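A.B. asks: Please see the structure below; I have some questions.
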Amino acid sequence: MDPDLVFTLGVVIGVFSLPAMLSAFSERRAPRVAALTVILAGVMILWSVRENPGRYSLGAIPDIFVKVVADYLT
């Protein structure tokens, strides 16, 4: 599997799990599913970084997103 795709999916899953985690904390519930998705996202991101060391930086993230979207839409 393409490390850029895994990285992009990990970032998207991580971003979407944050509102679920905040909702669980505000309602005084245990954020079980949200915590699992954050862990999954972290593992995906770490795997991508391990596969391509030095490729991922804060400045490169938008370019990676555009590349992945362009690869799968065309």
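If you're wondering about the labels, chains in the structure tokens are A, B, ... by order shown, residues count from 1 in each chain, ligands from 1 in order shown.
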Just list the residues in chain A DSSP gives helix (DSSP H, G or I) on the backbone, as a PyMOL selection string.
C.D. replies: chain A and resi 3-26+32-51+61-73
A.B. asks: Any idea what's packed within 7 Å of range 27-42 of chain A, counting only C-alpha atoms, ignoring anything in its chain fewer than 2 positions away? Could you give it as an mmCIF file with N, CA, C and O atoms, in the first residue's frame?
C.D. replies:
```cif
data_model
loop_
_atom_site.group_PDB
_atom_site.id
_atom_site.type_symbol
_atom_site.label_atom_id
_atom_site.label_comp_id
_atom_site.auth_asym_id
_atom_site.auth_seq_id
_atom_site.Cartn_x
_atom_site.Cartn_y
_atom_site.Cartn_z
ATOM 1 N N GLY A 10 -4.546 8.322 7.750
ATOM 2 C CA GLY A 10 -4.281 8.452 9.180
ATOM 3 C C GLY A 10 -4.566 9.853 9.694
ATOM 4 O O GLY A 10 -5.164 10.028 10.761
ATOM 5 N N VAL A 11 -4.168 10.847 8.927
ATOM 6 C CA VAL A 11 -4.441 12.237 9.337
ATOM 7 C C VAL A 11 -5.941 12.508 9.329
ATOM 8 O O VAL A 11 -6.483 13.111 10.266
ATOM 9 N N ILE A 13 -8.471 10.333 9.607
ATOM 10 C CA ILE A 13 -9.113 9.596 10.699
ATOM 11 C C ILE A 13 -8.827 10.275 12.031
ATOM 12 O O ILE A 13 -9.720 10.406 12.871
ATOM 13 N N GLY A 14 -7.603 10.718 12.227
ATOM 14 C CA GLY A 14 -7.257 11.408 13.469
ATOM 15 C C GLY A 14 -8.025 12.700 13.658
ATOM 16 O O GLY A 14 -8.505 13.002 14.759
ATOM 17 N N SER A 17 -11.676 11.956 14.522
ATOM 18 C CA SER A 17 -11.915 11.342 15.822
ATOM 19 C C SER A 17 -11.832 12.349 16.972
ATOM 20 O O SER A 17 -12.333 12.074 18.065
ATOM 21 N N ALA A 20 -15.288 13.424 18.351
ATOM 22 C CA ALA A 20 -15.899 12.335 19.111
ATOM 23 C C ALA A 20 -15.276 12.222 20.495
ATOM 24 O O ALA A 20 -15.982 11.965 21.485
ATOM 25 N N MET A 21 -13.975 12.428 20.565
ATOM 26 C CA MET A 21 -13.308 12.366 21.856
ATOM 27 C C MET A 21 -13.728 13.530 22.754
ATOM 28 O O MET A 21 -14.020 13.346 23.939
ATOM 29 N N SER A 23 -16.525 15.173 22.586
ATOM 30 C CA SER A 23 -17.915 14.935 22.958
ATOM 31 C C SER A 23 -18.012 13.947 24.117
ATOM 32 O O SER A 23 -18.793 14.155 25.047
ATOM 33 N N ALA A 24 -17.241 12.895 24.065
ATOM 34 C CA ALA A 24 -17.267 11.906 25.144
ATOM 35 C C ALA A 24 -16.777 12.521 26.454
ATOM 36 O O ALA A 24 -17.374 12.285 27.510
ATOM 37 N N PHE A 25 -15.721 13.314 26.397
ATOM 38 C CA PHE A 25 -15.231 13.949 27.614
ATOM 39 C C PHE A 25 -16.231 14.950 28.177
ATOM 40 O O PHE A 25 -16.413 15.037 29.392
ATOM 41 N N MET A 44 -1.043 4.420 11.773
ATOM 42 C CA MET A 44 -0.954 4.634 10.330
ATOM 43 C C MET A 44 0.082 5.701 9.997
ATOM 44 O O MET A 44 0.885 5.539 9.066
ATOM 45 N N ILE A 45 0.075 6.791 10.738
ATOM 46 C CA ILE A 45 1.031 7.872 10.495
ATOM 47 C C ILE A 45 2.450 7.402 10.799
ATOM 48 O O ILE A 45 3.382 7.654 10.026
ATOM 49 N N LEU A 46 2.631 6.705 11.920
ATOM 50 C CA LEU A 46 3.971 6.221 12.263
ATOM 51 C C LEU A 46 4.497 5.217 11.247
ATOM 52 O O LEU A 46 5.684 5.227 10.913
#
```
A.B. asks: When you look at range 57-74 of chain A with a cut-off of 7 Å (counting only C-alpha atoms), what residues show up, excluding the ones that are within fewer than 6 positions of it in the same chain? I need them as an mmCIF file with all heavy atoms, in the first residue's frame.
C.D. replies:
```
data_model
loop_
_atom_site.group_PDB
_atom_site.id
_atom_site.type_symbol
_atom_site.label_atom_id
_atom_site.label_comp_id
_atom_site.auth_asym_id
_atom_site.auth_seq_id
_atom_site.Cartn_x
_atom_site.Cartn_y
_atom_site.Cartn_z
ATOM 1 N N ASP A 4 1.963 7.267 1.223
ATOM 2 C CA ASP A 4 1.301 8.576 1.207
ATOM 3 C C ASP A 4 -0.207 8.432 1.450
ATOM 4 O O ASP A 4 -0.808 9.240 2.158
ATOM 5 C CB ASP A 4 1.548 9.288 -0.111
ATOM 6 C CG ASP A 4 2.975 9.785 -0.245
ATOM 7 O OD1 ASP A 4 3.684 9.844 0.787
ATOM 8 O OD2 ASP A 4 3.385 10.111 -1.367
ATOM 9 N N LEU A 5 -0.813 7.398 0.876
ATOM 10 C CA LEU A 5 -2.238 7.151 1.101
ATOM 11 C C LEU A 5 -2.494 6.802 2.559
ATOM 12 O O LEU A 5 -3.448 7.311 3.171
ATOM 13 C CB LEU A 5 -2.735 6.038 0.186
ATOM 14 C CG LEU A 5 -4.180 5.587 0.410
ATOM 15 C CD1 LEU A 5 -5.144 6.728 0.108
ATOM 16 C CD2 LEU A 5 -4.486 4.369 -0.423
ATOM 17 N N THR A 8 -2.209 9.959 4.622
ATOM 18 C CA THR A 8 -3.370 10.824 4.429
ATOM 19 C C THR A 8 -4.582 10.280 5.173
ATOM 20 O O THR A 8 -5.288 11.030 5.854
ATOM 21 C CB THR A 8 -3.676 10.967 2.928
ATOM 22 O OG1 THR A 8 -2.526 11.482 2.276
ATOM 23 C CG2 THR A 8 -4.847 11.896 2.693
#
```
A.B. asks: Give me the residues within 12 Å of Met1 in chain A as a list in words, counting only C-alpha atoms and dropping any in the same chain fewer than 4 places off.
C.D. replies: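 Those residues are Leu5, Val6, Phe7, Leu9, Met44, Trp47, Ser48 and Glu51 of chain A.
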